[in-house]
$ cat model.cif   # mmCIF, C-alpha atoms
data_structure
loop_
_atom_site.label_atom_id
_atom_site.label_comp_id
_atom_site.auth_asym_id
_atom_site.auth_seq_id
_atom_site.Cartn_x
_atom_site.Cartn_y
_atom_site.Cartn_z
CA MET A 822 -94.12 -75.16 209.32
CA TYR A 823 -91.26 -77.23 210.72
CA ARG A 824 -88.68 -74.52 209.94
CA LYS A 825 -90.76 -71.77 211.60
CA PHE A 826 -92.31 -73.58 214.56
CA GLY A 827 -91.57 -77.30 214.79
CA LYS A 828 -87.78 -77.10 214.84
CA ARG A 829 -87.64 -74.92 217.96
CA LEU A 830 -90.20 -77.14 219.74
CA PHE A 831 -88.13 -80.19 218.77
CA ASP A 832 -85.00 -78.48 220.17
CA ILE A 833 -86.64 -77.71 223.53
CA VAL A 834 -88.10 -81.18 224.03
CA SER A 835 -85.02 -83.09 222.85
CA SER A 836 -82.48 -80.96 224.77
CA LEU A 837 -84.51 -81.15 227.98
CA CYS A 838 -84.86 -84.93 227.66
CA ALA A 839 -81.17 -85.30 226.84
CA LEU A 840 -80.12 -83.23 229.86
CA LEU A 841 -82.20 -85.47 232.11
CA VAL A 842 -81.01 -88.73 230.54
CA PHE A 843 -77.35 -87.75 230.34
CA SER A 844 -77.16 -85.99 233.72
CA PRO A 845 -75.11 -88.90 235.22
CA VAL A 846 -72.73 -88.73 232.25
CA LEU A 847 -72.43 -84.96 232.60
CA LEU A 848 -71.57 -85.33 236.29
CA ILE A 849 -68.97 -88.07 235.68
CA VAL A 850 -67.29 -86.15 232.83
CA ALA A 851 -67.24 -82.97 234.93
CA LEU A 852 -65.49 -84.81 237.76
CA LEU A 853 -62.96 -86.38 235.39
CA VAL A 854 -62.19 -83.02 233.76
CA ARG A 855 -61.64 -81.49 237.21
CA VAL A 856 -59.28 -84.30 238.25
CA LYS A 857 -57.33 -84.65 234.99
CA LEU A 858 -57.29 -81.09 233.62
CA GLY A 859 -58.10 -78.90 236.60
CA ALA A 860 -60.32 -75.84 236.78
CA PRO A 861 -62.31 -74.43 235.15
CA ILE A 862 -64.34 -77.46 234.11
CA ILE A 863 -66.35 -75.58 231.48
CA PHE A 864 -64.73 -73.86 228.50
CA SER A 865 -66.72 -70.80 227.39
CA GLN A 866 -66.13 -68.91 224.15
CA GLU A 867 -68.02 -66.32 222.11
CA ARG A 868 -69.51 -67.66 218.88
CA PRO A 869 -71.87 -66.14 216.27
CA GLY A 870 -75.40 -67.55 216.24
CA LEU A 871 -78.60 -66.77 214.35
CA ASN A 872 -78.10 -63.66 212.17
CA GLY A 873 -74.56 -63.37 213.52
CA LYS A 874 -75.70 -62.55 217.08
CA ILE A 875 -72.93 -63.38 219.53
CA PHE A 876 -73.50 -65.92 222.31
CA LYS A 877 -71.23 -67.90 224.64
CA ILE A 878 -70.92 -71.57 223.78
CA LYS A 879 -70.31 -74.02 226.63
CA LYS A 880 -68.07 -77.08 226.37
CA PHE A 881 -66.11 -79.35 228.69
CA ARG A 882 -62.41 -78.47 228.68
CA SER A 883 -60.28 -80.82 226.62
CA MET A 884 -56.87 -79.09 226.86
CA THR A 885 -54.56 -78.02 229.66
CA ASN A 886 -53.44 -74.43 230.28
CA LYS A 887 -49.72 -75.19 229.97
CA ARG A 888 -47.62 -72.18 229.01
CA ASP A 889 -44.03 -71.53 227.96
CA GLU A 890 -41.45 -69.57 229.95
CA ASN A 891 -42.88 -66.30 228.57
CA GLY A 892 -46.41 -67.06 229.74
CA ASN A 893 -47.75 -67.89 226.28
CA LEU A 894 -50.07 -70.84 225.79
CA LEU A 895 -48.34 -73.83 224.22
CA PRO A 896 -49.58 -75.11 220.82
CA ASP A 897 -52.78 -77.18 220.85
CA ALA A 898 -50.91 -80.41 220.10
CA GLN A 899 -48.91 -80.03 223.33
CA ARG A 900 -51.94 -79.14 225.47
CA LEU A 901 -54.32 -81.83 224.19
CA THR A 902 -53.94 -84.87 226.47
CA ARG A 903 -55.00 -88.45 225.82
CA PHE A 904 -58.03 -87.82 228.02
CA GLY A 905 -58.90 -84.71 225.97
CA LYS A 906 -58.58 -86.68 222.73
CA THR A 907 -61.02 -89.25 224.10
CA LEU A 908 -63.52 -86.55 225.05
CA ARG A 909 -63.36 -85.10 221.53
CA ALA A 910 -63.49 -88.49 219.82
CA LEU A 911 -66.69 -89.38 221.69
CA SER A 912 -68.01 -85.78 221.42
CA LEU A 913 -68.46 -85.75 225.21
CA ASP A 914 -66.92 -82.29 225.33
CA GLU A 915 -69.98 -81.05 223.42
CA LEU A 916 -72.59 -82.16 226.00
CA PRO A 917 -72.84 -78.78 227.83
CA GLU A 918 -74.12 -77.32 224.54
CA LEU A 919 -77.45 -78.95 225.41
CA TRP A 920 -77.91 -75.97 227.73
CA ASN A 921 -77.24 -73.59 224.81
CA ILE A 922 -79.95 -75.43 222.85
CA LEU A 923 -82.46 -75.19 225.69
CA LYS A 924 -81.76 -71.43 226.01
CA GLY A 925 -82.32 -70.88 222.28
CA ASP A 926 -78.73 -70.00 221.33
CA MET A 927 -78.39 -73.20 219.34
CA SER A 928 -80.35 -75.98 217.68
CA VAL A 929 -79.86 -79.74 217.78
CA VAL A 930 -79.12 -79.71 214.04
CA GLY A 931 -77.65 -76.81 212.11
CA PRO A 932 -74.33 -75.35 210.89
CA ARG A 933 -71.69 -75.62 213.60
CA PRO A 934 -70.90 -72.30 215.36
CA LEU A 935 -67.41 -71.10 214.43
CA ARG A 936 -65.13 -68.33 215.68
CA VAL A 937 -66.34 -64.72 215.81
CA SER A 938 -63.17 -63.65 214.01
CA TYR A 939 -64.26 -65.66 210.94
CA LEU A 940 -67.28 -63.40 210.34
CA PRO A 941 -65.54 -60.83 208.11
CA LEU A 942 -63.97 -63.63 206.06
CA TYR A 943 -67.13 -65.23 204.68
CA SER A 944 -68.36 -64.68 201.15
CA ALA A 945 -72.00 -63.62 200.79
CA GLU A 946 -72.97 -67.24 200.04
CA GLN A 947 -70.99 -68.62 202.98
CA ALA A 948 -72.55 -66.05 205.33
CA ARG A 949 -75.95 -67.69 204.73
CA ARG A 950 -74.95 -70.31 207.29
CA HIS A 951 -76.06 -67.76 209.91
CA ASP A 952 -79.63 -67.69 208.56
CA MET A 953 -80.38 -70.49 211.03
CA ARG A 954 -79.41 -71.29 214.63
CA PRO A 955 -76.09 -73.14 214.82
CA GLY A 956 -76.29 -76.82 215.68
CA LEU A 957 -74.84 -79.35 218.09
CA THR A 958 -74.43 -81.45 214.95
CA GLY A 959 -75.00 -80.69 211.29
CA TYR A 960 -75.09 -81.87 207.73
CA ALA A 961 -71.38 -81.06 207.27
CA GLN A 962 -70.52 -83.05 210.43
CA VAL A 963 -72.05 -86.26 209.06
CA ASN A 964 -70.43 -85.72 205.66
CA GLY A 965 -66.79 -85.41 206.65
CA ARG A 966 -66.69 -83.41 209.91
CA ASN A 967 -63.19 -81.85 210.26
CA ALA A 968 -61.61 -83.94 207.48
CA ILE A 969 -63.13 -81.91 204.60
CA SER A 970 -62.24 -78.42 203.37
CA TRP A 971 -63.87 -75.25 204.67
CA GLU A 972 -65.46 -74.58 201.28
CA GLU A 973 -67.04 -78.05 201.30
CA LYS A 974 -68.34 -77.52 204.84
CA PHE A 975 -69.93 -74.19 203.98
CA ALA A 976 -71.52 -75.58 200.83
CA LEU A 977 -73.05 -78.41 202.90
CA ASP A 978 -74.26 -75.91 205.52
CA CYS A 979 -76.04 -73.83 202.88
CA TRP A 980 -77.56 -76.94 201.30
CA TYR A 981 -78.99 -77.91 204.68
CA ILE A 982 -80.52 -74.45 205.22
CA ASP A 983 -82.24 -74.70 201.83
CA ASN A 984 -83.54 -78.24 202.46
CA VAL A 985 -84.25 -78.44 206.20
CA SER A 986 -87.00 -80.81 207.30
CA PHE A 987 -87.93 -82.94 210.30
CA TRP A 988 -86.91 -86.17 208.60
CA LEU A 989 -83.59 -84.68 207.46
CA ASP A 990 -82.85 -83.70 211.07
CA ILE A 991 -83.67 -87.22 212.28
CA LYS A 992 -81.42 -88.67 209.59
CA ILE A 993 -78.54 -86.34 210.59
CA ILE A 994 -78.94 -87.23 214.29
CA PHE A 995 -78.89 -90.95 213.49
CA LYS A 996 -75.78 -90.52 211.29
CA THR A 997 -74.13 -88.46 214.04
CA VAL A 998 -74.43 -91.35 216.49
CA LEU A 999 -72.81 -93.67 213.94
CA LYS A 1000 -70.05 -91.13 213.26
CA VAL A 1001 -69.29 -90.71 216.97
CA PHE A 1002 -68.92 -94.43 217.57
CA GLY A 1003 -67.05 -94.82 214.29
CA ARG A 1004 -64.72 -91.92 215.25
CA SER A 1005 -64.34 -90.78 211.64
CA GLY A 1006 -63.41 -87.29 210.44
CA ILE A 1007 -62.55 -86.06 213.94
CA THR A 1008 -59.49 -84.11 212.84
CA ALA A 1009 -58.01 -82.58 209.73
CA GLU A 1010 -54.89 -84.27 208.37
CA GLY A 1011 -51.80 -83.12 210.28
CA SER A 1012 -53.79 -81.25 212.95
CA VAL A 1013 -55.21 -82.03 216.39
CA SER A 1014 -58.52 -80.46 215.39
CA THR A 1015 -58.97 -78.52 212.17
CA THR A 1016 -56.97 -75.93 210.27
CA PRO A 1017 -58.08 -72.30 210.75
CA PHE A 1018 -60.27 -70.64 208.11
CA THR A 1019 -58.40 -67.77 206.44
CA GLY A 1020 -61.09 -66.56 204.08
CA THR A 1021 -61.71 -66.66 200.36
CA VAL A 1022 -61.85 -62.91 199.57
CA GLU A 1023 -58.57 -61.21 198.68
CA ILE A 1024 -59.40 -57.97 200.49
CA TYR A 1025 -59.24 -59.78 203.82
CA ASP A 1026 -55.81 -61.34 203.43
CA LEU A 1027 -54.45 -59.29 206.32
CA MET A 1028 -57.15 -60.69 208.60
CA GLU A 1029 -55.16 -63.93 208.64
CA VAL A 1030 -53.36 -62.37 211.59
CA SER A 1031 -56.43 -63.21 213.68
CA MET A 1032 -56.49 -66.83 212.53
CA GLU A 1033 -52.97 -67.90 213.31
CA ARG A 1034 -52.30 -70.09 216.33
CA GLU A 1035 -49.21 -68.17 217.46
CA ARG A 1036 -49.76 -64.67 218.78
CA LYS A 1037 -48.25 -61.87 216.73
CA ASP A 1038 -46.55 -58.81 218.17
CA LEU A 1039 -48.75 -55.72 218.07
CA VAL A 1040 -48.35 -52.04 218.91
CA ILE A 1041 -50.86 -49.24 219.37
CA VAL A 1042 -49.86 -46.21 217.30
CA GLY A 1043 -51.03 -43.16 219.23
CA ALA A 1044 -50.92 -42.82 223.01
CA GLY A 1045 -53.66 -40.20 223.27
CA GLY A 1046 -57.12 -40.83 224.68
CA PHE A 1047 -58.18 -42.85 221.63
CA GLY A 1048 -55.12 -45.11 221.81
CA ARG A 1049 -55.37 -45.61 225.57
CA GLU A 1050 -59.01 -46.66 225.24
CA ILE A 1051 -58.26 -49.19 222.49
CA MET A 1052 -55.30 -50.52 224.49
CA TRP A 1053 -57.60 -51.10 227.46
CA LEU A 1054 -60.36 -52.69 225.37
CA MET A 1055 -57.91 -55.05 223.69
CA SER A 1056 -56.26 -55.95 226.99
CA GLU A 1057 -59.66 -56.80 228.49
CA SER A 1058 -60.55 -59.13 225.59
CA SER A 1059 -59.41 -62.75 226.06
CA ARG A 1060 -60.12 -63.29 222.36
CA LEU A 1061 -57.78 -60.49 221.23
CA CYS A 1062 -55.13 -61.37 223.83
CA GLU A 1063 -55.05 -64.89 222.43
CA GLU A 1064 -54.41 -63.48 218.96
CA TYR A 1065 -51.92 -60.70 219.74
CA ASN A 1066 -48.96 -60.05 222.01
CA ILE A 1067 -49.48 -56.36 222.77
CA LEU A 1068 -46.05 -54.75 223.21
CA GLY A 1069 -47.04 -51.17 224.03
CA PHE A 1070 -47.49 -47.72 222.47
CA VAL A 1071 -45.74 -45.90 219.63
CA ASP A 1072 -46.23 -42.12 219.51
CA ASP A 1073 -44.54 -39.18 217.80
CA GLY A 1074 -45.82 -36.68 220.38
CA ALA A 1075 -43.61 -34.96 222.93
CA THR A 1076 -45.87 -35.48 225.97
CA HIS A 1077 -44.09 -38.68 227.04
CA ALA A 1078 -40.55 -40.00 226.69
CA GLN A 1079 -39.44 -43.41 225.45
CA GLY A 1080 -39.70 -45.92 228.31
CA ASP A 1081 -42.49 -44.05 230.13
CA MET A 1082 -45.42 -46.13 231.37
CA ILE A 1083 -48.84 -44.97 230.16
CA ASN A 1084 -51.73 -46.60 232.02
CA GLY A 1085 -49.47 -49.57 232.71
CA ASN A 1086 -48.19 -49.93 229.13
CA ILE A 1087 -44.74 -48.88 227.93
CA LEU A 1088 -44.07 -46.19 225.34
CA LEU A 1089 -41.72 -48.03 222.99
CA GLY A 1090 -40.69 -44.99 220.99
CA THR A 1091 -41.72 -42.99 217.94
CA THR A 1092 -42.86 -44.31 214.57
CA GLN A 1093 -39.16 -44.38 213.68
CA TRP A 1094 -38.81 -47.23 216.20
CA LEU A 1095 -41.57 -49.08 214.37
CA LEU A 1096 -40.01 -48.40 210.95
CA SER A 1097 -36.76 -50.03 212.10
CA TYR A 1098 -38.50 -53.13 213.53
CA ASP A 1099 -37.01 -56.12 211.69
CA LYS A 1100 -39.66 -58.75 212.53
CA GLU A 1101 -43.30 -59.16 211.59
CA ILE A 1102 -45.45 -56.81 213.65
CA CYS A 1103 -49.02 -55.52 213.61
CA ALA A 1104 -49.90 -51.87 214.05
CA VAL A 1105 -53.28 -50.48 215.15
CA LEU A 1106 -53.57 -46.82 214.21
CA CYS A 1107 -55.45 -44.97 216.95
CA ILE A 1108 -55.35 -41.56 215.31
CA GLY A 1109 -58.67 -39.77 215.02
CA THR A 1110 -57.96 -37.26 212.25
CA PRO A 1111 -58.28 -38.96 208.83
CA ARG A 1112 -55.58 -36.91 207.12
CA HIS A 1113 -53.07 -37.56 209.91
CA ARG A 1114 -53.96 -41.26 209.90
CA ALA A 1115 -53.37 -41.45 206.14
CA SER A 1116 -49.97 -39.78 206.45
CA ILE A 1117 -48.88 -42.27 209.13
CA VAL A 1118 -49.99 -45.20 206.94
CA GLU A 1119 -47.97 -43.81 204.04
CA LYS A 1120 -44.93 -43.48 206.30
CA LEU A 1121 -45.21 -46.95 207.87
CA ALA A 1122 -45.74 -48.62 204.49
CA ARG A 1123 -41.98 -48.30 203.97
CA ASN A 1124 -41.48 -51.23 206.36
CA PRO A 1125 -42.82 -54.45 204.77
CA ASN A 1126 -42.80 -56.16 208.19
CA ILE A 1127 -45.73 -54.04 209.35
CA SER A 1128 -49.29 -55.23 208.78
CA PHE A 1129 -52.55 -53.55 209.76
CA PRO A 1130 -55.20 -55.89 211.21
CA THR A 1131 -58.81 -54.89 211.65
CA VAL A 1132 -59.69 -54.77 215.36
CA ILE A 1133 -63.30 -55.38 216.36
CA CYS A 1134 -63.66 -54.87 220.11
CA ASP A 1135 -65.77 -57.17 222.25
CA GLY A 1136 -69.30 -55.83 222.53
CA ALA A 1137 -69.52 -54.57 218.95
CA HIS A 1138 -72.46 -56.04 217.03
CA TYR A 1139 -72.31 -56.66 213.31
CA SER A 1140 -73.95 -58.99 210.83
CA PRO A 1141 -72.20 -61.38 208.44
CA HIS A 1142 -73.22 -58.96 205.68
CA VAL A 1143 -70.58 -56.37 206.62
CA LYS A 1144 -67.35 -56.14 204.61
CA PHE A 1145 -64.30 -54.82 206.42
CA GLY A 1146 -61.14 -53.45 204.89
CA LYS A 1147 -57.75 -53.62 206.58
CA GLY A 1148 -56.74 -51.49 209.54
CA CYS A 1149 -60.28 -50.68 210.70
CA ILE A 1150 -61.18 -50.13 214.36
CA VAL A 1151 -64.68 -50.84 215.63
CA TYR A 1152 -65.42 -49.83 219.20
CA ALA A 1153 -67.38 -51.85 221.72
CA SER A 1154 -71.09 -50.87 221.66
CA ALA A 1155 -70.99 -50.00 217.94
CA MET A 1156 -73.64 -51.61 215.72
CA LEU A 1157 -73.31 -52.41 212.01
CA THR A 1158 -76.36 -53.99 210.40
CA VAL A 1159 -76.54 -55.31 206.80
CA ASN A 1160 -75.11 -54.56 203.33
CA ILE A 1161 -72.34 -52.34 204.65
CA GLU A 1162 -68.87 -51.86 203.16
CA LEU A 1163 -65.96 -50.36 205.10
CA GLY A 1164 -62.79 -49.36 203.29
CA ASP A 1165 -59.32 -49.39 204.82
CA PHE A 1166 -58.49 -47.63 208.11
CA VAL A 1167 -62.07 -46.71 208.99
CA VAL A 1168 -62.77 -45.83 212.63
CA VAL A 1169 -66.22 -46.55 214.07
CA GLY A 1170 -66.56 -44.89 217.48
CA LYS A 1171 -68.50 -45.66 220.64
CA LYS A 1172 -72.27 -46.20 220.28
CA CYS A 1173 -72.16 -45.58 216.53
CA CYS A 1174 -74.84 -47.14 214.36
CA ILE A 1175 -74.17 -47.89 210.69
CA ALA A 1176 -77.46 -48.99 209.14
CA HIS A 1177 -78.28 -50.75 205.88
CA ASP A 1178 -76.82 -49.98 202.45
CA THR A 1179 -73.97 -47.78 203.61
CA VAL A 1180 -70.50 -47.45 202.06
CA LEU A 1181 -67.58 -45.87 203.92
CA ASP A 1182 -64.43 -45.31 201.85
CA ASP A 1183 -60.87 -45.30 203.22
CA PHE A 1184 -59.85 -43.22 206.26
CA VAL A 1185 -63.36 -42.27 207.37
CA THR A 1186 -63.86 -41.44 211.06
CA LEU A 1187 -67.22 -41.79 212.82
CA SER A 1188 -67.16 -40.14 216.22
CA THR A 1189 -69.17 -41.19 219.27
CA ASN A 1190 -72.91 -41.76 218.83
CA ALA A 1191 -72.99 -41.02 215.09
CA THR A 1192 -75.73 -42.68 213.01
CA VAL A 1193 -75.50 -43.16 209.24
CA SER A 1194 -77.89 -44.98 206.93
CA GLY A 1195 -78.00 -45.47 203.16
CA VAL A 1196 -75.15 -43.08 202.47
CA HIS A 1197 -71.85 -43.15 200.57
CA ILE A 1198 -69.17 -41.43 202.63
CA LYS A 1199 -66.09 -40.70 200.54
CA SER A 1200 -62.50 -41.04 201.74
CA GLY A 1201 -61.09 -38.81 204.48
CA VAL A 1202 -64.46 -37.69 205.86
CA GLU A 1203 -64.71 -36.89 209.57
CA ILE A 1204 -68.16 -37.28 211.15
CA GLY A 1205 -68.58 -35.47 214.48
CA MET A 1206 -70.25 -36.67 217.67
CA GLY A 1207 -73.99 -37.25 217.51
CA VAL A 1208 -74.25 -36.59 213.77
CA ARG A 1209 -77.26 -38.11 211.96
CA VAL A 1210 -77.08 -38.93 208.26
CA PHE A 1211 -80.27 -40.23 206.65
CA ALA A 1212 -80.80 -41.11 202.98
CA ASP A 1213 -84.00 -40.69 201.03
CA LYS A 1214 -84.80 -42.73 197.90
CA THR A 1215 -81.32 -42.16 196.46
CA MET A 1216 -78.11 -42.76 198.35
CA LYS A 1217 -76.61 -39.53 199.64
CA VAL A 1218 -72.96 -38.71 199.12
CA ILE A 1219 -70.63 -36.92 201.49
CA GLY A 1220 -67.66 -35.71 199.48
CA GLU A 1221 -63.96 -36.38 200.13
CA ASN A 1222 -62.33 -34.78 203.19
CA ALA A 1223 -65.56 -33.16 204.37
CA ILE A 1224 -66.02 -32.45 208.08
CA ILE A 1225 -69.52 -32.76 209.55
CA GLY A 1226 -69.79 -30.81 212.80
CA ALA A 1227 -71.06 -32.37 216.02
CA GLY A 1228 -74.84 -32.71 216.26
CA ALA A 1229 -75.51 -31.95 212.60
CA VAL A 1230 -78.30 -33.68 210.67
CA VAL A 1231 -77.41 -34.44 207.04
CA LEU A 1232 -80.42 -34.50 204.73
CA SER A 1233 -78.75 -33.75 201.39
CA ASP A 1234 -75.45 -34.30 199.59
CA ILE A 1235 -72.41 -32.60 201.09
CA PRO A 1236 -69.69 -31.33 198.70
CA PRO A 1237 -66.02 -32.32 199.21
CA ASP A 1238 -63.45 -30.34 201.17
CA CYS A 1239 -65.88 -28.39 203.32
CA THR A 1240 -67.08 -28.07 206.91
CA ALA A 1241 -70.85 -28.53 207.28
CA VAL A 1242 -72.93 -27.85 210.40
CA GLY A 1243 -76.53 -27.40 211.46
CA THR A 1244 -79.94 -28.99 210.88
CA PRO A 1245 -80.07 -29.54 208.01
CA ALA A 1246 -76.28 -29.54 207.56
CA LYS A 1247 -74.95 -26.80 205.26
CA PRO A 1248 -71.35 -25.96 204.28
CA ILE A 1249 -69.99 -22.96 206.20
CA LYS A 1250 -66.45 -22.99 204.79
CA PHE A 1251 -64.26 -24.80 202.29
CA HIS A 1252 -60.76 -26.10 202.92
CA ALA A 1253 -57.72 -25.69 200.75
CA VAL A 1254 -57.05 -28.93 198.85
CA VAL A 1255 -53.64 -30.30 199.91
#
$ encode --input "model.cif" --output "structure tokens"
Amino acid sequence: MYRKFGKRLFDIVSSLCALLVFSPVLLIVALLVRVKLGAPIIFSQERPGLNGKIFKIKKFRSMTNKRDENGNLLPDAQRLTRFGKTLRALSLDELPELWNILKGDMSVVGPRPLRVSYLPLYSAEQARRHDMRPGLTGYAQVNGRNAISWEEKFALDCWYIDNVSFWLDIKIIFKTVLKVFGRSGITAEGSVSTTPFTGTVEIYDLMEVSMERERKDLVIVGAGGFGREIMWLMSESSRLCEEYNILGFVDDGATHAQGDMINGNILLGTTQWLLSYDKEICAVLCIGTPRHRASIVEKLARNPNISFPTVICDGAHYSPHVKFGKGCIVYASAMLTVNIELGDFVVVGKKCCIAHDTVLDDFVTLSTNATVSGVHIKSGVEIGMGVRVFADKTMKVIGENAIIGAGAVVLSDIPPDCTAVGTPAKPIKFHAVV
């Protein structure tokens, strides 16, 4: 009863009372932040909540916006002032989260909300921490806070979810007060806060690009419409701009010359320019045709300095129960629900919906407004705009390198190396196997 009904009632009453009681403290801290750190007073960042739904967490700023001569933010240790350290030590920077609790984004007690970019890195067990609203404090916070390992934190989070009760919440709140005044476990050893989580599953090693404090150089491969859209979406995302230093486009086409500006971004050269790059660099392959995309990957693999991060644009919705391979691109407005596996270099277009129990192998392309559910799509398949693929009691299979024409409805298995159209979709021709 407490888990289903009482906990939310407790959150509303306690957060409302706390906002009233601490309103003078909130006002004083806001004024001090404005004087000592400047504007904005409130730091807002996207975090995953219940069932992985994204919300914006509110905190008081604790760091300056100092940048180097190139305009890049300085490391945290150089931007965290003595005043900011005091705010964190007393957890005063967390007070605006009372508003998140009142709104229903968070709970008083629960697993702490972490970065959105961590979502693909969780194991299935670790992802259970999103089965409950994230908390202002939690069981992991009173058992080590930032001074314990990520694996220990996640194990404590899952234990709490399995054992939640009113009296456990009261005990955690009481211990939190003692921890705050005792100032224990505030930071990880050798860090001003905590070390980034880099995952425990080998397939996501390349996602470490998103976790590193220093931005990595990145290029968009393909300056066509697809590439220009992804360039714009990444440039509009503060989250992605904090992770990557976007250098410009790389394109083998003859439409533009090296040095040309394309929608305000420079064309650096052809893929040969990228192959000769002698520093670490990330490449996002914005090439719609699966076979062409695969050939570019094979070519670029000759340079060990090149890595292929998965880019999930702001506005995409996906649960913690989605597994991403490397080099994937997920558009804003796409939705991926539960028990979904994406291979390497999969493209999920605008307004696509990938529903439960779906597997997409390497180099699959889903065009705008495609919907797939309960299907195994083999490597190199191209799904046209508005295609619907629905499984019955057994998972359907779309064979390697098949092309499903725009608007088709797939109701049965599709053989490999063919073009299928219509409702229901039927093969109309077969391609020569290359």
$ resolve_selection --input "model.cif" --expression "the PyMOL selection byres ((chain A and resi 921-930) around 6)" --output "list in words"
Asp832, Ile833, Ser836, Glu918, Leu919, Trp920, Gly931, Arg954, Pro955, Gly956, Leu957, Thr958 and Gly959 of chain A
$ write_last_selection --input "model.cif" --atoms "C-alpha atoms" --output "mmCIF file, keeping the file's coordinate frame"
data_model
loop_
_atom_site.group_PDB
_atom_site.id
_atom_site.type_symbol
_atom_site.label_atom_id
_atom_site.label_comp_id
_atom_site.auth_asym_id
_atom_site.auth_seq_id
_atom_site.Cartn_x
_atom_site.Cartn_y
_atom_site.Cartn_z
ATOM 1 C CA ASP A 832 -85.000 -78.480 220.170
ATOM 2 C CA ILE A 833 -86.640 -77.710 223.530
ATOM 3 C CA SER A 836 -82.480 -80.960 224.770
ATOM 4 C CA GLU A 918 -74.120 -77.320 224.540
ATOM 5 C CA LEU A 919 -77.450 -78.950 225.410
ATOM 6 C CA TRP A 920 -77.910 -75.970 227.730
ATOM 7 C CA GLY A 931 -77.650 -76.810 212.110
ATOM 8 C CA ARG A 954 -79.410 -71.290 214.630
ATOM 9 C CA PRO A 955 -76.090 -73.140 214.820
ATOM 10 C CA GLY A 956 -76.290 -76.820 215.680
ATOM 11 C CA LEU A 957 -74.840 -79.350 218.090
ATOM 12 C CA THR A 958 -74.430 -81.450 214.950
ATOM 13 C CA GLY A 959 -75.000 -80.690 211.290
#
$ resolve_selection --input "model.cif" --expression "the PyMOL selection byres ((chain A and resi 904) around 12)" --output "list of chain:residue names"
A:Val850, A:Leu853, A:Val854, A:Arg855, A:Val856, A:Lys857, A:Leu858, A:Phe881, A:Arg882, A:Ser883, A:Met884, A:Thr885, A:Arg900, A:Leu901, A:Thr902, A:Arg903, A:Gly905, A:Lys906, A:Thr907, A:Leu908, A:Arg909, A:Ala910, A:Leu911, A:Leu913, A:Asp914
$ residues_around --input "model.cif" --residues "Arg936 in chain A" --least-positions-apart "4" --cutoff "9 Å" --atoms "only C-alpha atoms" --output "mmCIF file with C-alpha atoms, keeping the file's coordinate frame"
data_model
loop_
_atom_site.group_PDB
_atom_site.id
_atom_site.type_symbol
_atom_site.label_atom_id
_atom_site.label_comp_id
_atom_site.auth_asym_id
_atom_site.auth_seq_id
_atom_site.Cartn_x
_atom_site.Cartn_y
_atom_site.Cartn_z
ATOM 1 C CA GLN A 866 -66.130 -68.910 224.150
ATOM 2 C CA GLU A 867 -68.020 -66.320 222.110
ATOM 3 C CA ARG A 868 -69.510 -67.660 218.880
ATOM 4 C CA PRO A 869 -71.870 -66.140 216.270
ATOM 5 C CA LEU A 940 -67.280 -63.400 210.340
#
$ residues_around --input "model.cif" --residues "Leu1068 in chain A" --least-positions-apart "2" --cutoff "10 Å" --atoms "all atoms listed in the file" --output "list in words"
Lys1037, Asp1038, Leu1039, Val1040, Ile1041, Tyr1065, Asn1066, Phe1070, Val1071, Asn1086, Ile1087, Leu1088, Leu1089 and Ile1102 of chain A
$ resolve_selection --input "model.cif" --expression "the PyMOL selection byres ((chain A and resi 1064) around 7)" --output "NGL selection string"
:A and (1031 or 1036-1037 or 1060-1063 or 1065)
$ closest_residue --input "model.cif" --among "A:Leu1095, A:Ile1133, A:Leu1163, A:Ile1219" --to "Phe1145 in chain A" --atoms "only C-alpha atoms"
A:Leu1163
$ closest_residue --input "model.cif" --among "A:Phe1211, A:Tyr1098, A:Phe831, A:Trp980" --to "Leu1121 in chain A" --atoms "only C-alpha atoms"
A:Tyr1098
$ residues_around --input "model.cif" --residues "Cys1134 in chain A" --least-positions-apart "6" --cutoff "10 Å" --atoms "only C-alpha atoms" --output "number ranges by chain"
A: 1051, 1054-1055, 1057-1058, 1060-1061, 1150-1155
$ write_last_selection --input "model.cif" --atoms "C-alpha atoms" --output "compact mmCIF listing (two decimals), in the coordinates of the input"
# COMPACT_ATOMS: atom_id res chain seq x y z
CA ILE A 1051 -58.26 -49.19 222.49
CA LEU A 1054 -60.36 -52.69 225.37
CA MET A 1055 -57.91 -55.05 223.69
CA GLU A 1057 -59.66 -56.80 228.49
CA SER A 1058 -60.55 -59.13 225.59
CA ARG A 1060 -60.12 -63.29 222.36
CA LEU A 1061 -57.78 -60.49 221.23
CA ILE A 1150 -61.18 -50.13 214.36
CA VAL A 1151 -64.68 -50.84 215.63
CA TYR A 1152 -65.42 -49.83 219.20
CA ALA A 1153 -67.38 -51.85 221.72
CA SER A 1154 -71.09 -50.87 221.66
CA ALA A 1155 -70.99 -50.00 217.94
$ closest_residue --input "model.cif" --among "A:Gln947, A:Thr997, A:Ser1194, A:Thr1240" --to "Leu1157 in chain A" --atoms "all atoms listed in the file"
A:Ser1194
$ residues_around --input "model.cif" --residues "Pro1141 in chain A" --least-positions-apart "6" --cutoff "8 Å" --atoms "all atoms listed in the file" --output "list in words"
Asn872, Gly873, Leu940, Pro941, Tyr943, Ala945, Ala948, His951 and Val1159 of chain A
$ atom_distance --input "model.cif" --atom1 "CA of Gly1170 in chain A" --atom2 "CA of Met1206 in chain A"
9.0 Å
$ closest_residue --input "model.cif" --among "A:Ser938, A:Glu1050, A:Arg829, A:Phe975" --to "Pro1130 in chain A" --atoms "only C-alpha atoms"
A:Ser938
